[in-house]
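Below: query.tsv (TSV, C-alpha atoms and all ligand atoms)
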```tsv
chain	number	residue	atom	x	y	z
W	1	MET	CA	184.25	138.62	159.73
W	2	ALA	CA	181.14	138.06	161.82
W	3	VAL	CA	177.52	137.03	161.50
W	4	ARG	CA	175.52	140.00	162.80
W	5	ASP	CA	172.00	139.93	164.27
W	6	ILE	CA	169.25	140.68	161.75
W	7	LEU	CA	166.61	143.17	162.89
W	8	ILE	CA	163.08	141.75	162.90
W	9	ILE	CA	159.81	143.72	162.63
W	10	PRO	CA	158.48	145.66	164.56
W	11	ASP	CA	162.01	147.03	165.14
W	12	LYS	CA	161.63	150.76	164.36
W	13	ARG	CA	165.13	151.00	162.86
W	14	LEU	CA	163.80	149.12	159.81
W	15	ARG	CA	161.76	152.28	159.04
W	16	LEU	CA	164.80	154.61	158.94
W	17	LYS	CA	165.95	156.23	155.71
W	18	SER	CA	169.60	155.21	155.41
W	19	GLU	CA	172.38	157.75	154.76
W	20	PRO	CA	174.52	157.74	151.59
W	21	VAL	CA	178.00	156.24	151.92
W	22	THR	CA	180.62	159.01	151.71
W	23	ALA	CA	183.84	156.94	151.96
W	24	ILE	CA	184.66	153.46	150.72
W	25	ASP	CA	187.21	152.61	153.39
W	26	LYS	CA	188.34	149.75	155.62
W	27	SER	CA	185.29	150.01	157.91
W	28	LEU	CA	182.88	149.90	154.94
W	29	ARG	CA	184.68	146.83	153.56
W	30	ALA	CA	184.39	145.18	157.01
W	31	LEU	CA	180.65	145.95	157.04
W	32	VAL	CA	180.25	144.41	153.56
W	33	ASP	CA	182.18	141.27	154.65
W	34	ASP	CA	179.92	140.91	157.69
W	35	MET	CA	176.80	141.47	155.57
W	36	PHE	CA	177.81	138.64	153.21
W	37	GLU	CA	178.53	136.32	156.13
W	38	THR	CA	175.17	137.22	157.71
W	39	MET	CA	173.28	136.86	154.39
W	40	TYR	CA	174.82	133.45	153.56
W	41	ALA	CA	174.22	132.19	157.12
W	42	ALA	CA	170.54	133.24	157.16
W	43	PRO	CA	170.31	132.08	154.30
W	44	GLY	CA	169.17	134.88	152.02
W	45	ILE	CA	169.73	136.19	148.51
W	46	GLY	CA	170.01	139.85	149.52
W	47	LEU	CA	170.61	142.08	152.53
W	48	ALA	CA	170.54	145.82	153.19
W	49	ALA	CA	172.83	147.31	155.86
W	50	ILE	CA	169.89	148.61	157.91
W	51	GLN	CA	168.81	144.98	158.44
W	52	VAL	CA	171.93	144.60	160.61
W	53	GLY	CA	171.25	147.98	162.26
W	54	VAL	CA	173.59	150.12	160.13
W	55	PRO	CA	171.68	153.01	158.46
W	56	GLN	CA	173.97	153.29	155.41
W	57	ARG	CA	172.94	152.78	151.78
W	58	VAL	CA	174.72	149.45	151.25
W	59	VAL	CA	173.24	146.28	149.71
W	60	THR	CA	174.73	142.80	149.27
W	61	MET	CA	173.25	140.15	146.99
W	62	ASP	CA	173.97	136.68	145.60
W	63	LEU	CA	171.43	135.20	143.21
W	64	ALA	CA	173.47	132.06	142.38
W	65	LYS	CA	171.52	128.80	142.68
W	66	LYS	CA	172.60	126.09	145.15
W	67	ASP	CA	174.56	124.13	142.50
W	68	GLU	CA	176.26	127.25	141.06
W	69	PRO	CA	179.42	129.00	142.27
W	70	LYS	CA	178.91	131.99	144.57
W	71	ALA	CA	178.19	135.26	142.74
W	72	PRO	CA	178.45	138.04	145.36
W	73	GLN	CA	177.36	141.52	144.28
W	74	VAL	CA	177.66	144.81	146.21
W	75	PHE	CA	175.63	147.94	145.52
W	76	ILE	CA	176.64	151.16	147.28
W	77	ASN	CA	174.23	154.12	147.18
W	78	PRO	CA	171.94	152.23	144.74
W	79	GLU	CA	169.27	154.33	143.04
W	80	VAL	CA	166.55	153.40	140.54
W	81	THR	CA	166.97	155.69	137.50
W	82	TRP	CA	164.31	154.10	135.25
W	83	LYS	CA	161.36	151.73	135.67
W	84	GLY	CA	159.81	149.82	132.74
W	85	ASP	CA	156.04	149.91	132.16
W	86	GLU	CA	155.61	146.13	132.34
W	87	ARG	CA	155.00	144.67	135.81
W	88	SER	CA	155.55	141.20	137.20
W	89	VAL	CA	154.58	139.32	140.35
W	90	TYR	CA	157.06	137.47	142.58
W	91	GLU	CA	156.50	135.72	145.89
W	92	GLU	CA	158.86	137.69	148.13
W	93	GLY	CA	160.35	136.91	151.51
W	94	CYS	CA	162.33	139.09	153.88
W	95	LEU	CA	164.96	138.16	156.46
W	96	SER	CA	163.42	140.84	158.74
W	97	ILE	CA	159.98	139.15	158.49
W	98	PRO	CA	161.05	135.50	158.83
W	99	GLU	CA	158.93	132.73	157.32
W	100	TYR	CA	156.36	135.06	155.77
W	101	TYR	CA	156.01	135.13	151.99
W	102	GLU	CA	153.58	137.07	149.83
W	103	GLU	CA	153.17	137.96	146.18
W	104	VAL	CA	154.29	141.48	145.30
W	105	GLU	CA	153.88	143.24	141.95
W	106	ARG	CA	156.74	145.48	140.83
W	107	PRO	CA	158.19	146.82	137.55
W	108	SER	CA	159.71	143.87	135.62
W	109	ALA	CA	162.72	145.90	134.49
W	110	VAL	CA	164.64	148.71	136.19
W	111	ARG	CA	167.86	150.66	135.65
W	112	VAL	CA	169.92	151.11	138.79
W	113	LYS	CA	172.96	153.31	139.31
W	114	PHE	CA	175.35	152.58	142.16
W	115	LEU	CA	179.00	152.60	143.22
W	116	ASP	CA	181.02	149.38	143.30
W	117	LEU	CA	183.53	148.56	146.07
W	118	ASP	CA	186.25	150.41	144.13
W	119	GLY	CA	184.09	153.56	144.18
W	120	LYS	CA	183.45	153.27	140.43
W	121	ALA	CA	180.05	154.58	139.25
W	122	ARG	CA	178.08	151.89	137.44
W	123	GLU	CA	174.59	151.55	135.94
W	124	ILE	CA	172.84	148.29	135.09
W	125	GLU	CA	169.53	147.31	133.54
W	126	ALA	CA	168.00	144.52	135.60
W	127	THR	CA	165.15	142.10	134.82
W	128	GLY	CA	163.76	139.00	136.53
W	129	LEU	CA	164.87	138.16	140.07
W	130	LEU	CA	167.69	140.75	139.96
W	131	ALA	CA	165.14	143.52	139.29
W	132	THR	CA	162.84	142.24	142.07
W	133	CYS	CA	165.64	141.83	144.60
W	134	LEU	CA	167.22	145.22	143.80
W	135	GLN	CA	163.86	146.97	144.28
W	136	HIS	CA	163.27	145.07	147.57
W	137	GLU	CA	166.74	146.03	148.88
W	138	ILE	CA	166.59	149.66	147.70
W	139	ASP	CA	163.23	149.87	149.49
W	140	HIS	CA	165.02	148.76	152.70
W	141	THR	CA	167.46	151.69	152.31
W	142	ASN	CA	164.38	153.97	152.28
W	143	GLY	CA	162.64	152.31	155.25
W	144	VAL	CA	160.10	150.53	153.03
W	145	LEU	CA	159.18	146.84	153.55
W	146	PHE	CA	157.49	144.46	151.11
W	147	ILE	CA	154.49	144.20	153.43
W	148	ASP	CA	153.79	147.87	152.57
W	149	TYR	CA	152.58	146.60	149.17
W	150	ILE	CA	150.10	144.00	150.49
W	151	SER	CA	146.57	144.63	151.77
W	152	LYS	CA	146.20	146.51	155.08
W	153	LEU	CA	144.30	143.51	156.47
W	154	LYS	CA	147.24	141.14	155.79
W	155	ARG	CA	149.83	143.70	156.94
W	156	ASP	CA	147.99	144.34	160.22
W	157	MET	CA	147.79	140.57	160.83
W	158	VAL	CA	151.53	140.11	160.18
W	159	MET	CA	152.43	143.08	162.41
W	160	LYS	CA	150.20	141.76	165.20
W	161	LYS	CA	151.85	138.31	165.13
W	162	PHE	CA	155.40	139.74	165.10
W	163	LYS	CA	154.56	142.27	167.86
W	164	LYS	CA	153.33	139.38	170.01
W	165	ALA	CA	156.49	137.38	169.20
W	166	ALA	CA	158.69	140.37	170.13
W	167	LYS	CA	156.85	140.71	173.44
W	168	LEU	CA	157.38	137.01	174.17
W	169	GLY	CA	161.01	137.30	173.04
W	170	THR	CA	160.62	134.51	170.46
W	171	GLY	CA	161.56	136.74	167.47
W	172	LYS	CA	159.22	134.97	165.07
W	173	PRO	CA	155.56	133.99	165.50
W	174	LEU	CA	154.85	130.78	167.39
W	175	ALA	CA	153.52	127.79	165.41
W	176	GLU	CA	149.98	128.31	166.77
W	177	ASP	CA	150.04	131.90	165.49
W	178	LYS	CA	150.85	130.78	161.96
W	179	GLU	CA	148.53	129.68	159.19
W	180	PRO	CA	148.69	126.00	158.14
W	181	SER	CA	150.41	127.10	154.91
W	182	HIS	CA	153.15	129.77	154.83
W	183	HIS	CA	150.56	132.37	153.83
W	184	ILE	CA	149.00	134.45	156.59
W	185	GLY	CA	145.52	135.79	155.77
W	201	LIG	O1	166.24	141.68	151.99
W	201	LIG	C1	165.95	140.61	152.50
W	201	LIG	O2	165.25	140.56	153.48
W	201	LIG	C2	166.47	139.34	151.87
W	201	LIG	C3	165.44	138.64	151.01
W	201	LIG	C4	165.60	139.12	149.58
W	201	LIG	C5	164.47	138.87	148.63
W	201	LIG	C6	163.88	137.64	148.48
W	201	LIG	C7	162.85	137.45	147.57
W	201	LIG	C8	162.42	138.50	146.81
W	201	LIG	C9	162.97	139.74	146.99
W	201	LIG	C10	164.01	139.93	147.88
W	201	LIG	C11	165.69	137.14	151.11
W	201	LIG	O3	166.73	136.67	150.78
W	201	LIG	S1	164.41	136.16	151.73
W	201	LIG	C12	165.07	134.50	151.60
W	201	LIG	C13	165.08	133.97	150.21
W	201	LIG	O4	164.45	134.51	149.34
W	201	LIG	C14	165.88	132.76	149.90
W	201	LIG	C15	166.62	132.11	150.84
W	201	LIG	C16	167.35	130.98	150.52
W	201	LIG	C17	167.33	130.48	149.24
W	201	LIG	C18	166.58	131.12	148.27
W	201	LIG	C19	165.86	132.27	148.59
W	202	ZN	ZN	163.88	142.30	153.14
```

Take the structure in the file and give it back as structure tokens.
Ligand code: K1U
Ligand code: ZN
Amino acid sequence: MAVRDILIIPDKRLRLKSEPVTAIDKSLRALVDDMFETMYAAPGIGLAAIQVGVPQRVVTMDLAKKDEPKAPQVFINPEVTWKGDERSVYEEGCLSIPEYYEEVERPSAVRVKFLDLDGKAREIEATGLLATCLQHEIDHTNGVLFIDYISKLKRDMVMKKFKKAAKLGTGKPLAEDKEPSHHIG
């Protein structure tokens, strides 16, 4: 098991459409183990394989609170099959856009079909944080980031700060490039 490096914007690989998994074998299980280790170390509540540079449709998640036992979940080839009409707003973060949070509106409830680690086809109806996190992670498998849902003005500002950070080799924006609060713009 290993903690892998997480890609940070503007890394172009984050815009790739990931390929479906065709075999649930030893190397896929090793990838999933590394994704959990990387996600817990970050720390984060979800991770898509492309965030560690692997363009395969694999998502790990653990929505357990600090005082609760771990509740790891794996979604292979996840696909939204139904979206409810009601929408809700959640302040999202992203391990590939560190320390930037913004409110995003998405369907409150979704149905998602996927394969589990045994290759069994499953379908769940998700609400609340599970619905938000699944949509965020499935977006990653399609090269979509949560900043794509915010205003162009805010997105351009975020991209500018992270491009500057990448140039300087700091990975995330310097303190003087950040707003006093965690909101940029
Ligand atoms: O996909 C990712 O970049 C992970 C991301 C998932 C996510 C968070 C919020 C809404 C939608 C999707 C994160 O995990 S950001 C970090 C985070 O939310 C968190 C970290 C530690 C404790 C609690 C939350
Ligand atoms: Zn993310």

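Nearest-residue note for Phe146 of chain W: choosing from W:Gly93, W:Pro55, W:Gly84, W:Pro10, the minimum distance belongs to W:Gly93, counting only C-alpha atoms.
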
All residues having an atom within 6 Å of ligand ZN 202 (chain W) (all atoms listed in the file) as a ChimeraX atom specification: /W:94-96

Output C-alpha atoms for every residue in that selection, as a short mmCIF file (atom, residue, chain, number, x, y, z; two decimals), in the frame of the given file.
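What ended up in part.cif:
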```cif
data_model
loop_
_atom_site.label_atom_id
_atom_site.label_comp_id
_atom_site.auth_asym_id
_atom_site.auth_seq_id
_atom_site.Cartn_x
_atom_site.Cartn_y
_atom_site.Cartn_z
CA CYS W 94 162.33 139.09 153.88
CA LEU W 95 164.96 138.16 156.46
CA SER W 96 163.42 140.84 158.74
#
```

Nearest residue to ligand LIG 201 (chain W) from the set W:Asp25, W:Glu92, W:Asp11, W:Glu99 (distances using only C-alpha atoms and all ligand atoms): W:Glu92

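Taking all atoms listed in the file into account, ligand LIG 201 (chain W) lies nearest to W:Met39 out of the set W:Val3, W:Ala165, W:Ile76, W:Met39.
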
Exercise answer, 10 Å around ligand LIG 201 (chain W) with all atoms listed in the file, as a ChimeraX atom specification: /W:6-8,39-51,59-66,90-104,129-140,145-146

Surrounding residues of segment 110-125 of chain W excluding itself and chain neighbours under 4 positions, 8 Å, all atoms listed in the file, as a list in words: Ile24, Arg29, Val74, Phe75, Ile76, Asn77, Pro78, Glu79, Val80, Thr81, Trp82, Lys83, Gly84 and Ala131 of chain W

Restricting the output to C-alpha atoms, write the selected residues as a compact mmCIF listing (two decimals), in the frame of the given file.
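Saved file selection04.txt follows:
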```txt
# COMPACT_ATOMS: atom_id res chain seq x y z
CA ILE W 24 184.66 153.46 150.72
CA ARG W 29 184.68 146.83 153.56
CA VAL W 74 177.66 144.81 146.21
CA PHE W 75 175.63 147.94 145.52
CA ILE W 76 176.64 151.16 147.28
CA ASN W 77 174.23 154.12 147.18
CA PRO W 78 171.94 152.23 144.74
CA GLU W 79 169.27 154.33 143.04
CA VAL W 80 166.55 153.40 140.54
CA THR W 81 166.97 155.69 137.50
CA TRP W 82 164.31 154.10 135.25
CA LYS W 83 161.36 151.73 135.67
CA GLY W 84 159.81 149.82 132.74
CA ALA W 131 165.14 143.52 139.29
```

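Going from atom CA of Ala2 of chain W to atom CA of Asp34 of chain W covers 5.2 Å.
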
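Remark: for Val144 of chain W, the closest of the candidate residues W:Lys167, W:Lys172, W:Arg87, W:Lys17 is W:Lys17 (distances computed over only C-alpha atoms).
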
Non-local contacts of Arg57 of chain W (6 Å; only C-alpha atoms; under 2 positions in same chain excluded) as number ranges by chain: W: 18-20, 77, 141

Would you mind exporting the chosen residues as a CSV table (one decimal), keeping the file's coordinate frame, restricted to C-alpha atoms?
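Output file again.csv follows:
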```csv
chain,number,residue,atom,x,y,z
W,18,SER,CA,169.6,155.2,155.4
W,19,GLU,CA,172.4,157.8,154.8
W,20,PRO,CA,174.5,157.7,151.6
W,77,ASN,CA,174.2,154.1,147.2
W,141,THR,CA,167.5,151.7,152.3
```

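Remark: for Lys12 of chain W, the closest of the candidate residues W:Lys163, W:Thr38, W:Pro107, W:Leu153 is W:Lys163 (distances computed over all atoms listed in the file).
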
Neighbour list for Gly143 of chain W as a ChimeraX atom specification, cut-off 6 Å, all atoms listed in the file, skip fewer than 4 positions in-chain: /W:14-17

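A straight line drawn from atom CA of Gly53 of chain W to atom CA of Met157 of chain W is 24.6 Å long.
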
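Atom CA of Arg4 of chain W lies 7.5 Å from atom CA of Met35 of chain W.
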
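In terms of minimum interatomic distance to Ile150 of chain W, W:Glu105 ranks closest within W:Thr22, W:Gly128, W:Glu105, W:Pro173, counting all atoms listed in the file.
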
Near-Met1 of chain W list (8 Å; only C-alpha atoms; drop same-chain fewer than 4 positions) as an MDAnalysis selection string: chainID W and resid 30 33:34 37
